[in-house]
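Colleague: One structure, as structure tokens, below. Some questions next.
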Amino acid sequence: MNIDLASVGNIAKQIDVSLDPTEIDLDGENVRLTAKVRLNGDLERLDARAHLCGTIETDVVLDCTRCLEPVEKHLDIPVRAIFVDSTHDNTGAEAEISDEALDESVVQDSKIDLAEVVREQILLSLPEQIFCREDCKGLCPKCGANLNLIDCKCASDEVDPRWEALKNLK
């Protein structure tokens with residue numbers, strides 16, 4: 001769904017959008033959407049910039065960092081974004097960018113692609129590590145068995161031959 005920047009005025013415009021998981025391109029990412037994505041907030045123009053303030057809600061499935069089992073997670077993401085039309089963007093190729101401008105997104109053709117905004121916010125909000133449970137044992141480095149489900153018979157006392165000489169030191 002696209003919003004034309006020309007339709008955004010000085011009075012806050014309420015946005016309540018529901019997007020299907022198929023509308024959000026997460027191919028190649030380590031996350032799968034399991035529910036519709038809801039974007040709720042306000043969009044208003046201040047000077048030449050459009051300000052979006054709201055929340056994104058959805059449910060996702062991620063893989064456990066240790067054992068790769070699926071982990072369901074509900075996301076409730078606060079969103080604050082600033083959009084500048086490319087015609088009003090005065091940063092040239094050699095211009096220095098201010099700290100405030102780093103938080104702004106330049107919009108091509110005067111259209112804000114809400115699906116892309118939602119995609120970006122979901123990816124930025126994901127934790128670097130997620131575990132199926134606090135005491136997840138992970139996978140056996142030898143046979144790949146899930147140590148939460150079985151106790152594999154791989155020898156845990158085997159020493160890497162490169163470290164064997166250290167056994168003789170006293």
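Residues are named by chain letter and number: chains run A, B, ... in the order of the structure tokens, numbers start at 1 in each chain, and ligands are numbered from 1 in the order shown.
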Which residues are close to segment 114-126 of chain A, i.e. within 6 Å by only C-alpha atoms, leaving aside same-chain residues fewer than 6 positions away? Reply as a ChimeraX atom specification.

Modeller: /A:1-2,24

Colleague: I need the residues from that last selection saved to file as a PDB file, in the first residue's frame (with all heavy atoms), if you can.

Modeller:
ATOM      1  N   MET A   1       0.846  -1.173   0.000  1.00  0.00           N
ATOM      2  CA  MET A   1       0.000   0.000   0.000  1.00  0.00           C
ATOM      3  C   MET A   1       0.888   1.231   0.000  1.00  0.00           C
ATOM      4  O   MET A   1       1.856   1.319   0.757  1.00  0.00           O
ATOM      5  CB  MET A   1      -0.895  -0.016   1.226  1.00  0.00           C
ATOM      6  CG  MET A   1      -1.712   1.210   1.346  1.00  0.00           C
ATOM      7  SD  MET A   1      -2.833   1.108   2.738  1.00  0.00           S
ATOM      8  CE  MET A   1      -3.752   2.570   2.432  1.00  0.00           C
ATOM      9  N   ASN A   2       0.545   2.182  -0.833  1.00  0.00           N
ATOM     10  CA  ASN A   2       1.302   3.421  -0.951  1.00  0.00           C
ATOM     11  C   ASN A   2       0.468   4.597  -0.472  1.00  0.00           C
ATOM     12  O   ASN A   2      -0.750   4.626  -0.646  1.00  0.00           O
ATOM     13  CB  ASN A   2       1.712   3.674  -2.405  1.00  0.00           C
ATOM     14  CG  ASN A   2       2.742   2.677  -2.873  1.00  0.00           C
ATOM     15  OD1 ASN A   2       3.545   2.193  -2.096  1.00  0.00           O
ATOM     16  ND2 ASN A   2       2.721   2.364  -4.148  1.00  0.00           N
ATOM     17  N   ILE A  24       4.458  -8.512   2.616  1.00  0.00           N
ATOM     18  CA  ILE A  24       5.729  -8.123   3.216  1.00  0.00           C
ATOM     19  C   ILE A  24       6.794  -9.092   2.719  1.00  0.00           C
ATOM     20  O   ILE A  24       6.727 -10.278   2.968  1.00  0.00           O
ATOM     21  CB  ILE A  24       5.667  -8.180   4.764  1.00  0.00           C
ATOM     22  CG1 ILE A  24       4.423  -7.483   5.293  1.00  0.00           C
ATOM     23  CG2 ILE A  24       6.942  -7.628   5.366  1.00  0.00           C
ATOM     24  CD1 ILE A  24       4.368  -6.007   5.030  1.00  0.00           C
TER      25      ILE A  24
END

Colleague: List as an NGL selection string the protein and nucleic acid residues near segment 56-69 of chain A, meaning an atom at most 9 Å away when only C-alpha atoms are counted, but skip any in the same chain fewer than 6 places from it.

Modeller: :A and (30-41 or 75-79 or 118 or 121-122 or 128-133 or 136-139 or 145-148)

Colleague: Among chain A, which residues does DSSP mark as helix (DSSP H, G or I) when it is run on the backbone? Keep the chain and numbering as in the structure and answer as number ranges by chain.

Modeller: A: 5-7, 21-23, 100-103, 108-110, 114-125, 161-168

Colleague: At what distance in Å, to one decimal, does atom CA of Asp42 of chain A lie from atom CA of Lys73 of chain A?

Modeller: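 It comes out at 25.5 Å.
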
Colleague: If you measure from atom CA of Asp85 of chain A to atom CA of Thr55 of chain A, what distance in Å do you get, rounded to one decimal?

Modeller: 22.7 Å

Colleague: Skipping near chain neighbours, those fewer than 6 positions away, what residues fall within 9 Å of His51 of chain A using only C-alpha atoms, listed as a list in words?

Modeller: Asp42, Leu43, Glu44, Arg45, Arg80, Ala81, Ile82 and Phe83 of chain A

Colleague: What gap, in Å, lies between atom CA of Pro21 of chain A and atom CA of Val84 of chain A?

Modeller: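 We find that atom CA of Pro21 of chain A and atom CA of Val84 of chain A lie 27.0 Å from each other.
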
Colleague: Hey, what does DSSP flag as strand (DSSP E) within segment 13-66 of chain A? Can you give it to me as JSON, numbers by chain?

Modeller: {"A": [13, 14, 15, 16, 17, 18, 19, 31, 32, 33, 37, 38, 39, 40, 41, 42, 43, 44, 45, 46, 49, 50, 51, 52, 53, 54, 55, 56, 57, 58, 59, 60, 61, 62, 63]}
